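Heads up, the thing below is written out as structure tokens.
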Amino acid sequence: MSQRPTFTISDAGMLATPRTRRDILKLIAVGGTLVLLPAALSACSEDNGVTTPPTPQPNSGAALTIDFAKGDIAVLQFAYALEQLEADFYTRVVNAFGGSNLTAADKAVLQDIKYHEVLHREFLKAALGASNDFTVIATYPGVHFNDRTSVLNTAKTFEDLGVAAYNGAAQYITSAVNLTLAGKIVSVEARHAAAIGDLLSPKTSAFAPNAFDDVFRPSKVAATAQGFIVNKLGFTNAPGTFVQGPNNNG
Amino acid sequence: MIIEARPILESIDPEILATLAARENEIAQGASTSSSTAALLALGSIPIALGALARDAYAQAPSDVLDVLQFALLLEYLEAEFYQRGVAASGLIDAADRTIFTTISGHETIHVTALRSLISAKGATPLAKPNFDFTAKGNVAGFNFAAGQYETFKVLAMAFEDTGVRAYKGQAPRLIGDAAALSAALSIHSVEARHAAEIRRLRGKKAWISGSSRDDLPAFTQGIYAGEENELQGGLMLSTLPGYSANGGSTAGTEAFDEPLSKAEVTAIITPFLA
């Protein structure tokens, strides 16, 4: 027994690479022991789950409630929640580069975006100080991190949503400094959205499908974001009024 | 205050006013609309919504909001004419890239129309379109949308779009309290950023601005990028954030935040383009 090899799978990411799968097959062929730690086991719930991280159900966790009575702080908390989601997504995308069919050009763009989103998250976390004590748990049902189309389409969803979210939350910001900060971030999200659109559909109008970007109220943003978030998103003291943008769809 | 600044509402027939008020509710509540109505609202709702919401707007600082809108209109005139002439010029734009520029041209023309409507809805007269000099007083010597000048055309497009993003961003705080104007301006602001990203990528650049680099743009455009190297955000030095160097450091840090420009700074940038 002691001569038989043991191969430990500690996380789902290790299952993503063809090299690991080959190793497992070789291992089984020689009668070795395969140790699957819990994190890896839960990754195998889908047909090709070996390429995806664990996927708990959205909206199944503890409540994550943002209280709009806090004014600008609430808007920044909402932004912080969205940036946590984006940063987590791109971190997983970058960590899955080794087994994905993304092109080198795709990876260069996605690597930069990962940096930007992590910095947005860390900035908002620091800026919020004592008001930053919540963690978004992300989940990606149906997203395949080794598949270019799946990754880019999901990225497009996040970036367009981020743009509409900042554009819509801006009307609840009372401080010029905070509004400018939101403005500094939203145009970078829009640059991301355009770059992703360009990767998906080069030299078409995909980079900017409309003359006006969407302006979404927080609850509409949350409804889409909830599809990727385990915590139950909610608002208290949500603003009663919302002024639409030109697309009148928020 | 004896003079109540509600000229639009006061001068409107009561029956129309009732309709506007009803529409105000629809807009505020985000009522679902038929697709054809939605299509009309896409542009039509701006003046209507603003007319209906003029009370709130005038309760703030109407002259400030109007000044922002007129200033934005000037920038949009510049961009709209630039792309309209570019798209109309034969042999200028590579055939493979035409969709990109017809898309942008269409957007800028719509922005002009929308801003003119917003300004009219506030009871003011939209600024007339000035004449432009796309050689920027000789800084772009000989440029006249001729065949063979595509690279120069793209250089100017990048300059205008990166300027537009910073210009709208700088004016946004002056719209606090006028949610309709703010929403409209921000929905244009982020589209300018999309345009900028696309043109930068078309030119083989990153879609985002690193430090204060103007890349290969001519020196007279440096004002468009000055200040983009800022790493002090909301009083917080980005370099103090956990994982800063592991996440791209100053390069990514400056890319992740676009910076505003003041009206005076933008005026200095576009003045050479005014004939």
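In the structure tokens, chains take letters A, B, ... by order of appearance, with residues numbered from 1 within each chain and ligands from 1 in the order shown.
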Return the neighbours of chain B among the residues of chain A, cut-off 8 Å, counting only C-alpha atoms, as a PyMOL selection string. chain A and resi 112+114-120+122-123+126-127+163+167-168+170-171+173-174+176-181+183-188+190-195+198+203-205+207-208+210-215+241-250
Those same residues - C-alpha atoms - I'd like them written as a CSV table (one decimal), in the first residue's frame.
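Below is the file result-v6.csv, written as the result:
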chain,number,residue,atom,x,y,z
A,112,ASP,CA,-6.2,44.8,-16.2
A,114,LYS,CA,-9.2,42.4,-12.4
A,115,TYR,CA,-6.6,44.9,-11.0
A,116,HIS,CA,-9.1,47.8,-11.4
A,117,GLU,CA,-12.0,46.0,-9.7
A,118,VAL,CA,-9.8,44.8,-6.8
A,119,LEU,CA,-8.6,48.3,-6.3
A,120,HIS,CA,-12.2,49.7,-6.5
A,122,GLU,CA,-10.2,47.9,-1.6
A,123,PHE,CA,-10.7,51.7,-2.1
A,126,ALA,CA,-11.0,51.7,3.1
A,127,ALA,CA,-13.2,54.7,2.4
A,163,VAL,CA,-22.5,51.5,-15.3
A,167,ASN,CA,-25.6,56.2,-13.0
A,168,GLY,CA,-28.7,55.5,-11.1
A,170,ALA,CA,-25.8,59.2,-8.3
A,171,GLN,CA,-29.1,61.1,-7.8
A,173,ILE,CA,-25.5,61.3,-3.5
A,174,THR,CA,-25.5,64.6,-1.7
A,176,ALA,CA,-19.8,66.7,-4.4
A,177,VAL,CA,-16.8,64.7,-3.4
A,178,ASN,CA,-18.7,61.5,-3.3
A,179,LEU,CA,-20.4,62.2,-6.6
A,180,THR,CA,-17.0,62.9,-8.2
A,181,LEU,CA,-15.6,59.6,-6.8
A,183,GLY,CA,-17.9,59.5,-11.5
A,184,LYS,CA,-14.2,58.5,-11.5
A,185,ILE,CA,-15.2,54.9,-11.2
A,186,VAL,CA,-18.2,54.7,-13.5
A,187,SER,CA,-16.4,55.9,-16.6
A,188,VAL,CA,-13.8,53.2,-16.0
A,190,ALA,CA,-17.8,52.0,-19.0
A,191,ARG,CA,-14.4,51.6,-20.6
A,192,HIS,CA,-14.4,48.0,-19.4
A,193,ALA,CA,-17.9,47.4,-20.9
A,194,ALA,CA,-16.7,48.8,-24.2
A,195,ALA,CA,-13.5,46.7,-24.3
A,198,ASP,CA,-15.2,44.9,-28.6
A,203,LYS,CA,-15.9,46.5,-35.1
A,204,THR,CA,-19.6,46.4,-34.5
A,205,SER,CA,-21.6,48.8,-32.3
A,207,PHE,CA,-18.9,48.7,-27.5
A,208,ALA,CA,-21.7,51.3,-27.1
A,210,ASN,CA,-27.0,53.1,-27.2
A,211,ALA,CA,-26.5,56.8,-27.3
A,212,PHE,CA,-27.4,56.9,-23.6
A,213,ASP,CA,-26.3,54.4,-21.0
A,214,ASP,CA,-28.9,52.9,-18.7
A,215,VAL,CA,-29.7,54.6,-15.4
A,241,THR,CA,-38.6,58.6,-5.8
A,242,PHE,CA,-36.4,57.8,-8.7
A,243,VAL,CA,-35.8,60.0,-11.7
A,244,GLN,CA,-35.4,58.1,-14.9
A,245,GLY,CA,-32.6,58.6,-17.4
A,246,PRO,CA,-33.1,59.1,-21.1
A,247,ASN,CA,-33.7,55.4,-21.7
A,248,ASN,CA,-36.6,55.5,-19.2
A,249,ASN,CA,-36.0,51.9,-18.2
A,250,GLY,CA,-34.6,52.1,-14.7
Quick check, in Å to one decimal: how far apart do atom CA of B:Ser212 and atom CA of A:Tyr90 lie?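 Here the two named atoms are 25.7 Å from each other.
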Which distance in Å separates atom CA of A:Tyr80 and atom CA of A:Asn95, to one decimal?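 Computing it gives 22.0 Å between the two atoms.
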So which one's closest to B:Leu73, B:Ser117, B:Thr152, B:Asn230, B:Ser213? Using only C-alpha atoms, please.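 Answer, going by the shortest atom-to-atom distance: B:Ser117.
Using only C-alpha atoms, the shortest contact distance between A:Ala69 and any of A:Asp147, A:Ser100, A:Gln57, A:Tyr172 is found at A:Tyr172.
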For A:Leu124, find every residue with an atom within 8 Å (counting only C-alpha atoms), except residues of its own chain fewer than 5 positions away, and show them as a ChimeraX atom specification. /A:76-77,79-80
Between B:Asp94, B:Leu75, B:Ala167, B:Gly123, which one has atoms that come closest to B:Lys154, using only C-alpha atoms? B:Asp94
What lies within 8 Å of A:Ala222 using only C-alpha atoms, ignoring chain neighbours under 4 positions off, as a ChimeraX atom specification? /A:218,226,233-234
Can you list, as a PyMOL selection string, every residue of stretch 119-206 of chain A that DSSP puts in helix (DSSP H, G or I)? chain A and resi 119-132+148-172+176-200
